[in-house]
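A.B. asks: I have a structure here, written as structure tokens, and I will follow up with some questions on it.
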2 protein chains.
Amino acid sequence: MIYFDNAATSWPKPEAVYKEVGKVLRNCGNPGRGGHKLSLESGRVIFEARQEICSMFNIKNFLRVVFTSNTTEALNIALKGILKEGDHVITSSMEHNSMIRPLMALKDKGVEVTLVQGDIEGKIDPEDIKKSIKKNTKMIAITHASNVTGTIMPVEEIGNIAREMNLIFLVDAAQTAGVLPIDVEKYNIDLLAFAGHKGLYGPQGTGGLYVREGLEVFPLKEGGTGSKSESIYQPDLMPDKLESGTPNTPGIAGLKEGVRFIKSVGIDAVYRHEKKLTQMLIDGLKEIKGIKIYGPHKIEDRVGVVSITLEDRDVGEISYILDRNFDIATRAGLHCAAVAHSTIGTIKSGTLRFGIGYFNTEDEVQKVIKAMEMISQNTL
Amino acid sequence: MIYFDNAATSWPKPEAVYKEVGKVLRNCGNPGRGGHKLSLESGRVIFEARQEICSMFNIKNFLRVVFTSNTTEALNIALKGILKEGDHVITSSMEHNSMIRPLMALKDKGVEVTLVQGDIEGKIDPEDIKKSIKKNTKMIAITHASNVTGTIMPVEEIGNIAREMNLIFLVDAAQTAGVLPIDVEKYNIDLLAFAGHKGLYGPQGTGGLYVREGLEVFPLKEGGTGSKSESIYQPDLMPDKLESGTPNTPGIAGLKEGVRFIKSVGIDAVYRHEKKLTQMLIDGLKEIKGIKIYGPHKIEDRVGVVSITLEDRDVGEISYILDRNFDIATRAGLHCAAVAHSTIGTIKSGTLRFGIGYFNTEDEVQKVIKAMEMISQNTL
């Protein structure tokens with residue numbers, strides 16, 4: 001199979017991830033909840049995973065890294081744990097539903113939401129964000145890169161605005177963690193939501209949230225934490241406060257190995273490889289009559305996510321043909337991001353999306369281009 | 001290792017669980033979010049897991065089964081998705097912090113909470129529940145069996161009361177799913193929260209919630225669902241409404257095999273085996289001077305959870321000696337259940353807990369008794 005759905009979930013995973021999940025699954029106690037060997041060993045695995053995440057994002061205090069089941073959960077915790085009735089939050093028209101839908105739920109509870117409009121390439125102008133700041137603005141919440149167009153957002157500039165205006169800065173790194181360097185200090189990021197199963201090459205069921213020291217986040221879920229068990233109230237200490245219930249220990253163990261893999265390859269090498277393939281794919285697709293490519297013109301402005309349409313043909317059908325006739329996996333539709341499609345004008349058609357990952361090859365890209373040529377010529 | 005911490009998480013898992021997690025992890029697309037083979041295959045795995053859960057609990061409609069990351073998440077969804085300011089909920093003094101702590105958070109928001117007091121064996125009298133019902137009572141929320149004393153609660157009688165009084169009935173089956181037969185129809189259960197990684201022998205990071213048809217539960221998390229992507233609002237259809245973000249596909253696949261294992265053994269055989277070992281353990285420990293055993297006197301009134309103290313000795317130290325000198329894994333402390341310990345008088349000392357599972361043997365129980373004899377005689 002030729003897999004180009006890495007923006008949804010990466011495949012394959014590094015061999016070390018498979019091995020570690022299997023090993024930990026077979027030797028897994030309840031971490032932080034017992035004094036015996038299995039339990040302590042599980043606690044150690046999670047501790048190491050937290051440290052790996054810290055070194056990936058330049059996080060100083062590992063106690064501020066919370067593991068979640070996915071990016072969606074991390075975003076829900078970040079948004080609902082902070083925003084209250086009367087608060088104002090600025091986001092963009094390029095967000096995933098995992099940002100927009102919780103914000104719409106908060107809107108129903110009296111939180112004011114401003115969507116800064118992206119341009120036709122999906123780009124957000126930091127000046128537009130600055131102009132949207134009001135007296136009651138509490139947070140800027142923005143994706144690092146669009147899952148529809150791949151557009152990289154100017155997080156450093158937006159982070160500077162947030163710091164200058166004393167606003168909380170939340171970044172959704174679902175599409176960038178493991179691909180672009182992320183430095184929470186340099187970018188002034190207060191809350192970083194990330195996926196474990198995409199660019200960090202961990203298993204599905206993993207993700208996380210970084211919370212800057214000093215920032216109070218109200219928990220979304222209370223429960224057993226293995227700490228302060230004598231109290232009927234949720235403990236205030238991190239990360240326990242935001243991590244109730246038995247964690248996904250084998251999954252987190254796999255994520256640890258995924259991060260180690262990225263570190264061993266080097267994040268710059270990952271990015272260079274994906275950029276090269278993305279350029280090659282775009283160059284090839286551009287030559288095919290009828291194909292429209294969305295997102296930034298300049299390769300430096302995007303990650304390895306390429307959305308296209310082919311005249312007025314059904315993108316679902318194209319994706320189906322690619323799978324059935326060429327064994328090429330892609331994704332067609334709206335990619336859980338309604339507002340982004342409204343922004344680029346594809347809310348009715350959706351797009352066919354190629355999500356490029358580290359394990360893709362030049363040969364695979366050539367095969368995709370060839371297949372798209374044939375499909376465009378209706379020779380199937 | 002002799003593992004007696006199954007009440008925290010079961011170990012080992014059936015071989016089929018390890019194999020299935022490995023297999024699915026290696027061939028895992030994003031379920032419900034793409035039309036290619038990997039994605040469809042992942043969707044099928046999750047569909048089958050839902051069906052297995054249905055057949056385990058006599059659930060008629062598989063769309064009413066929601067997968068969560070653990071029981072804690074399921075309980076949080078059930079409680080917070082239904083209870084509103086001014087509502088009254090009846091629970092017990094034998095609950096885990098995963099029930100009590102979200103209820104305390106709701107109390108802060110104006111939900112009235114009544115804790116019906118258990119007796120010294122941890123038993124709840126349904127009559128006491130009945131007497132606590134008020135005009136604004138909306139829900140009865142109760143554990144099926146205590147994780148501290150193993151006490152089985154009279155869920156069928158309580159279910160009858162709930163139905164008769166038109167109240168929503170939530171059952172926490174963390175300690176009973178896979179051990180005791182649970183029939184949501186027979187017991188009039190409206191909401192069933194269950195763990196995947198305990199008696200159902202799935203991996204950590206799995207659990208779920210059954211929601212009776214017609215019962216509206218407000219989501220705890222909104223986000224991408226792979227459905228109605230054109231909408232910026234959370235879709236109303238189940239299970240998507242309560243399942244935002246990429247699921248733990250390999251974990252859920254493992255859970256499916258765990259449930260199949262329990263079904264192949266037969267839940268009655270599982271219960272009989274655990275009951276026999278529990279009886280044997282209690283009989284042996286009873287003979288040791290200084291040991292106090294908590295929970296029901298009658299073996300029929302408890303699952304395989306046995307809490308003890310040994311005179312005024314530190315239970316953490318005993319657990320440590322068992323691990324170090326005998327390679328026996330137990331858990332000492334409060335087991336994330338403060339109110340239960342207050343009920344049975346062990347809030348200061350905590351207890352040493354043996355959690356019996358299907359893979360335990362008579363020989364292992366004898367070794368535990370022998371070890372406890374030696375520890376009680378201070379011969380170490």
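Ordering of the structure tokens sets the chain letters (A, B, ...), residue numbers begin anew at 1 in every chain, and ligands are numbered from 1 in the order given.
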Please find the residues of chain B near chain A - the criterion being any atom within 7 Å, counting only C-alpha atoms - and write them as a VMD selection string.

C.D. replies: chain B and resid 8 to 9 12 18 22 25 to 26 29 to 30 34 to 36 69 to 70 72 to 73 76 97 to 102 104 203 to 205 221 to 224 226 229 to 234 244 to 249 320 323 329 to 332 334 to 338

A.B. asks: Residues of range 34-125 of chain A within 9 Å of range 293-299 of chain A: nearest atom pair and distance (Å, one decimal) for each, counting only C-alpha atoms, sorted by chain and number, as a Markdown table?

C.D. replies:
```
| residue | atom | partner | partner_atom | distance |
| --- | --- | --- | --- | --- |
| A:Ile120 | CA | A:Gly295 | CA | 7.4 |
| A:Glu121 | CA | A:Gly295 | CA | 4.3 |
| A:Gly122 | CA | A:Gly295 | CA | 6.0 |
| A:Lys123 | CA | A:Pro296 | CA | 7.7 |
```

A.B. asks: Could you please take those selected residues and save N, CA and C atoms as a PDB file, in the first residue's frame?

C.D. replies:
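Contents of again.pdb, freshly written:
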```pdb
ATOM      1  N   ILE A 120      -7.025  33.296   0.662  1.00  0.00           N
ATOM      2  CA  ILE A 120      -7.335  32.153  -0.199  1.00  0.00           C
ATOM      3  C   ILE A 120      -6.292  31.037  -0.082  1.00  0.00           C
ATOM      4  N   GLU A 121      -5.085  31.386   0.350  1.00  0.00           N
ATOM      5  CA  GLU A 121      -4.045  30.375   0.598  1.00  0.00           C
ATOM      6  C   GLU A 121      -4.098  29.834   2.028  1.00  0.00           C
ATOM      7  N   GLY A 122      -5.064  30.334   2.783  1.00  0.00           N
ATOM      8  CA  GLY A 122      -5.190  29.900   4.172  1.00  0.00           C
ATOM      9  C   GLY A 122      -4.318  30.667   5.141  1.00  0.00           C
ATOM     10  N   LYS A 123      -3.714  31.746   4.658  1.00  0.00           N
ATOM     11  CA  LYS A 123      -2.798  32.505   5.522  1.00  0.00           C
ATOM     12  C   LYS A 123      -3.542  33.471   6.448  1.00  0.00           C
TER      13      LYS A 123
END
```

A.B. asks: Could you tell me how far CA of Val66 in chain B sits from CA of Leu242 in chain B, in Å to one decimal place?

C.D. replies: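 Result for CA of Leu242 in chain B versus CA of Val66 in chain B: 6.7 Å, one decimal.
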
A.B. asks: If you run DSSP on the backbone here, which positions in range 279-357 of chain B get alpha helix (DSSP H)? Please write them as a PyMOL selection string.

C.D. replies: chain B and resi 279-286+315-326+338-344

A.B. asks: Write out as a PyMOL selection string the residues lying within 9 Å of Pro154 in chain B, counting only C-alpha atoms and excluding same-chain residues fewer than 6 positions away.

C.D. replies: chain B and resi 123-126+144

A.B. asks: For the residues in that selection, give me C-alpha atoms as a JSON list (two decimals), in the first residue's frame.

C.D. replies:
```
[["chain", "number", "residue", "atom", "x", "y", "z"],
["B", 123, "LYS", "CA", -23.26, -2.64, 52.08],
["B", 124, "ILE", "CA", -25.82, -0.15, 50.84],
["B", 125, "ASP", "CA", -29.47, -0.59, 51.83],
["B", 126, "PRO", "CA", -31.79, 0.15, 48.89],
["B", 144, "HIS", "CA", -21.64, -2.18, 41.16]]
```

A.B. asks: I'd like the neighbourhood of Lys292 in chain B as a list in words, where a residue qualifies if any of its atoms comes within 8 Å (using only C-alpha atoms), though same-chain residues fewer than 5 positions away should be ignored.

C.D. replies: Lys286, Ile308, Thr309, Leu310 and Glu311 of chain B

A.B. asks: May I have the selected residues written with N, CA and C atoms, as a PDB file, in the first residue's frame?

C.D. replies:
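Ended up saving to part.pdb:
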```
ATOM      1  N   LYS B 286      -7.700 -15.453  57.549  1.00  0.00           N
ATOM      2  CA  LYS B 286      -8.450 -15.435  58.815  1.00  0.00           C
ATOM      3  C   LYS B 286      -7.691 -16.119  59.951  1.00  0.00           C
ATOM      4  N   ILE B 308      -7.196  -5.862  53.675  1.00  0.00           N
ATOM      5  CA  ILE B 308      -6.867  -6.249  55.055  1.00  0.00           C
ATOM      6  C   ILE B 308      -5.962  -5.206  55.718  1.00  0.00           C
ATOM      7  N   THR B 309      -5.898  -5.305  57.044  1.00  0.00           N
ATOM      8  CA  THR B 309      -4.834  -4.633  57.796  1.00  0.00           C
ATOM      9  C   THR B 309      -4.204  -5.679  58.703  1.00  0.00           C
ATOM     10  N   LEU B 310      -2.984  -5.408  59.156  1.00  0.00           N
ATOM     11  CA  LEU B 310      -2.282  -6.326  60.057  1.00  0.00           C
ATOM     12  C   LEU B 310      -1.874  -5.511  61.278  1.00  0.00           C
ATOM     13  N   GLU B 311      -2.661  -5.701  62.342  1.00  0.00           N
ATOM     14  CA  GLU B 311      -2.465  -4.900  63.558  1.00  0.00           C
ATOM     15  C   GLU B 311      -2.272  -3.445  63.164  1.00  0.00           C
TER      16      GLU B 311
END
```

A.B. asks: If I take CA of Ser264 in chain B and CA of Ala177 in chain B, how far is one from the other in Å, to one decimal?

C.D. replies: 15.1 Å

A.B. asks: Compile the contact shell of range 269-279 of chain B as number ranges by chain: residues with an atom at most 10 Å away, counting only C-alpha atoms, same-chain residues fewer than 3 positions apart removed.

C.D. replies: B: 176, 178-181, 199, 262-266, 282-285, 298-300, 302-306, 354-366

A.B. asks: Residues of the last selection are to be written out with N, CA and C atoms, as an mmCIF file, in the first residue's frame.

C.D. replies:
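For reference, selection.cif as written:
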```
data_model
loop_
_atom_site.group_PDB
_atom_site.id
_atom_site.type_symbol
_atom_site.label_atom_id
_atom_site.label_comp_id
_atom_site.auth_asym_id
_atom_site.auth_seq_id
_atom_site.Cartn_x
_atom_site.Cartn_y
_atom_site.Cartn_z
ATOM 1 N N THR B 176 -16.710 -4.895 38.044
ATOM 2 C CA THR B 176 -17.586 -6.045 37.802
ATOM 3 C C THR B 176 -17.705 -6.454 36.333
ATOM 4 N N GLY B 178 -17.163 -8.122 33.186
ATOM 5 C CA GLY B 178 -16.347 -9.294 32.882
ATOM 6 C C GLY B 178 -16.294 -10.309 34.003
ATOM 7 N N VAL B 179 -16.869 -9.951 35.162
ATOM 8 C CA VAL B 179 -16.843 -10.850 36.324
ATOM 9 C C VAL B 179 -18.252 -11.250 36.743
ATOM 10 N N LEU B 180 -19.116 -10.252 36.839
ATOM 11 C CA LEU B 180 -20.514 -10.516 37.172
ATOM 12 C C LEU B 180 -21.358 -10.281 35.924
ATOM 13 N N PRO B 181 -22.408 -11.082 35.735
ATOM 14 C CA PRO B 181 -23.277 -10.806 34.588
ATOM 15 C C PRO B 181 -23.962 -9.447 34.782
ATOM 16 N N GLY B 199 -11.543 -6.336 34.341
ATOM 17 C CA GLY B 199 -12.154 -7.645 34.134
ATOM 18 C C GLY B 199 -12.464 -7.989 32.687
ATOM 19 N N ILE B 262 -13.367 -13.584 27.536
ATOM 20 C CA ILE B 262 -14.286 -13.783 28.674
ATOM 21 C C ILE B 262 -15.503 -14.581 28.218
ATOM 22 N N LYS B 263 -16.008 -14.251 27.040
ATOM 23 C CA LYS B 263 -17.169 -14.989 26.523
ATOM 24 C C LYS B 263 -16.819 -16.450 26.255
ATOM 25 N N SER B 264 -15.599 -16.698 25.778
ATOM 26 C CA SER B 264 -15.216 -18.081 25.464
ATOM 27 C C SER B 264 -15.043 -18.904 26.746
ATOM 28 N N VAL B 265 -14.513 -18.272 27.782
ATOM 29 C CA VAL B 265 -14.391 -18.976 29.068
ATOM 30 C C VAL B 265 -15.775 -19.128 29.692
ATOM 31 N N GLY B 266 -16.565 -18.101 29.531
ATOM 32 C CA GLY B 266 -17.885 -18.059 30.174
ATOM 33 C C GLY B 266 -17.790 -17.220 31.437
ATOM 34 N N ILE B 282 -9.409 -15.715 51.881
ATOM 35 C CA ILE B 282 -10.002 -15.228 53.132
ATOM 36 C C ILE B 282 -9.855 -16.276 54.234
ATOM 37 N N ASP B 283 -10.138 -17.527 53.893
ATOM 38 C CA ASP B 283 -10.012 -18.608 54.885
ATOM 39 C C ASP B 283 -8.590 -18.680 55.434
ATOM 40 N N GLY B 284 -7.624 -18.532 54.551
ATOM 41 C CA GLY B 284 -6.224 -18.606 54.988
ATOM 42 C C GLY B 284 -5.826 -17.409 55.829
ATOM 43 N N LEU B 285 -6.215 -16.219 55.382
ATOM 44 C CA LEU B 285 -5.815 -15.001 56.092
ATOM 45 C C LEU B 285 -6.480 -14.910 57.468
ATOM 46 N N LYS B 298 -20.092 -12.823 53.994
ATOM 47 C CA LYS B 298 -20.540 -13.864 53.061
ATOM 48 C C LYS B 298 -19.833 -13.715 51.707
ATOM 49 N N ILE B 299 -19.302 -14.801 51.218
ATOM 50 C CA ILE B 299 -18.539 -14.765 49.966
ATOM 51 C C ILE B 299 -19.414 -14.349 48.781
ATOM 52 N N GLU B 300 -20.700 -14.658 48.831
ATOM 53 C CA GLU B 300 -21.613 -14.310 47.730
ATOM 54 C C GLU B 300 -21.804 -12.799 47.618
ATOM 55 N N ARG B 302 -19.448 -10.550 47.666
ATOM 56 C CA ARG B 302 -18.285 -9.777 47.211
ATOM 57 C C ARG B 302 -17.656 -10.354 45.938
ATOM 58 N N VAL B 303 -16.958 -9.457 45.224
ATOM 59 C CA VAL B 303 -16.114 -9.898 44.112
ATOM 60 C C VAL B 303 -14.705 -10.149 44.671
ATOM 61 N N GLY B 304 -13.782 -10.481 43.807
ATOM 62 C CA GLY B 304 -12.445 -10.881 44.248
ATOM 63 C C GLY B 304 -11.530 -9.750 44.665
ATOM 64 N N VAL B 305 -12.017 -8.931 45.567
ATOM 65 C CA VAL B 305 -11.221 -7.832 46.111
ATOM 66 C C VAL B 305 -11.184 -8.020 47.622
ATOM 67 N N VAL B 306 -9.997 -8.177 48.174
ATOM 68 C CA VAL B 306 -9.878 -8.436 49.609
ATOM 69 C C VAL B 306 -8.937 -7.408 50.233
ATOM 70 N N PHE B 354 -5.745 -7.201 47.960
ATOM 71 C CA PHE B 354 -5.487 -8.263 46.989
ATOM 72 C C PHE B 354 -6.596 -8.207 45.942
ATOM 73 N N GLY B 355 -6.220 -8.029 44.703
ATOM 74 C CA GLY B 355 -7.199 -8.016 43.615
ATOM 75 C C GLY B 355 -7.035 -9.284 42.796
ATOM 76 N N ILE B 356 -8.029 -10.155 42.897
ATOM 77 C CA ILE B 356 -7.926 -11.479 42.273
ATOM 78 C C ILE B 356 -8.445 -11.443 40.844
ATOM 79 N N GLY B 357 -7.737 -12.118 39.946
ATOM 80 C CA GLY B 357 -8.144 -12.169 38.548
ATOM 81 C C GLY B 357 -8.259 -13.596 38.048
ATOM 82 N N TYR B 358 -8.732 -13.720 36.825
ATOM 83 C CA TYR B 358 -8.976 -15.053 36.274
ATOM 84 C C TYR B 358 -7.697 -15.866 36.146
ATOM 85 N N PHE B 359 -6.559 -15.198 35.964
ATOM 86 C CA PHE B 359 -5.311 -15.943 35.745
ATOM 87 C C PHE B 359 -4.615 -16.332 37.048
ATOM 88 N N ASN B 360 -5.165 -15.938 38.179
ATOM 89 C CA ASN B 360 -4.592 -16.379 39.451
ATOM 90 C C ASN B 360 -4.901 -17.852 39.679
ATOM 91 N N THR B 361 -4.038 -18.499 40.478
ATOM 92 C CA THR B 361 -4.196 -19.934 40.732
ATOM 93 C C THR B 361 -4.268 -20.210 42.239
ATOM 94 N N GLU B 362 -4.720 -21.418 42.575
ATOM 95 C CA GLU B 362 -4.778 -21.823 43.978
ATOM 96 C C GLU B 362 -3.384 -21.802 44.595
ATOM 97 N N ASP B 363 -2.412 -22.237 43.819
ATOM 98 C CA ASP B 363 -1.035 -22.256 44.303
ATOM 99 C C ASP B 363 -0.565 -20.847 44.678
ATOM 100 N N GLU B 364 -0.932 -19.872 43.844
ATOM 101 C CA GLU B 364 -0.542 -18.489 44.141
ATOM 102 C C GLU B 364 -1.189 -17.999 45.434
ATOM 103 N N VAL B 365 -2.450 -18.375 45.626
ATOM 104 C CA VAL B 365 -3.151 -17.968 46.851
ATOM 105 C C VAL B 365 -2.450 -18.573 48.071
ATOM 106 N N GLN B 366 -2.061 -19.831 47.954
ATOM 107 C CA GLN B 366 -1.358 -20.473 49.073
ATOM 108 C C GLN B 366 -0.047 -19.750 49.376
#
```

A.B. asks: Quick one: residues within 6 Å of Gly43 in chain B, only C-alpha atoms counted, chain neighbours fewer than 2 positions away excluded, as a count of residues only?

C.D. replies: 6

A.B. asks: When distances are computed from only C-alpha atoms, which of A:Val111, A:Val171, A:Ile182, A:Ala16 shows the smallest separation from Leu209 in chain A?

C.D. replies: A:Val171

A.B. asks: Could you tell me how far CA of Ile140 in chain B sits from CA of Ala162 in chain B, in Å to one decimal place?

C.D. replies: 7.0 Å

A.B. asks: Mind checking which residues fall within 6 Å of range 113-116 of chain B, counting only C-alpha atoms, ignoring those fewer than 3 positions away in the same chain, and posting them as a ChimeraX atom specification?

C.D. replies: /B:88-93

A.B. asks: For the selection just defined, write its residues with C-alpha atoms to a file, as a compact mmCIF listing (two decimals), in the first residue's frame.

C.D. replies:
```
# COMPACT_ATOMS: atom_id res chain seq x y z
CA HIS B 88 -30.22 16.16 43.01
CA VAL B 89 -28.17 12.97 42.69
CA ILE B 90 -27.98 10.07 45.11
CA THR B 91 -24.74 8.15 45.41
CA SER B 92 -23.09 6.04 48.10
CA SER B 93 -20.31 6.31 50.62
```

A.B. asks: Return as a PyMOL selection string the full set of residues in range 45-192 of chain A whose backbone-based DSSP assignment is strand (DSSP E or B).

C.D. replies: chain A and resi 65-68+88-92+112-116+137-143+145+151-152+168-172+177+180+191-192
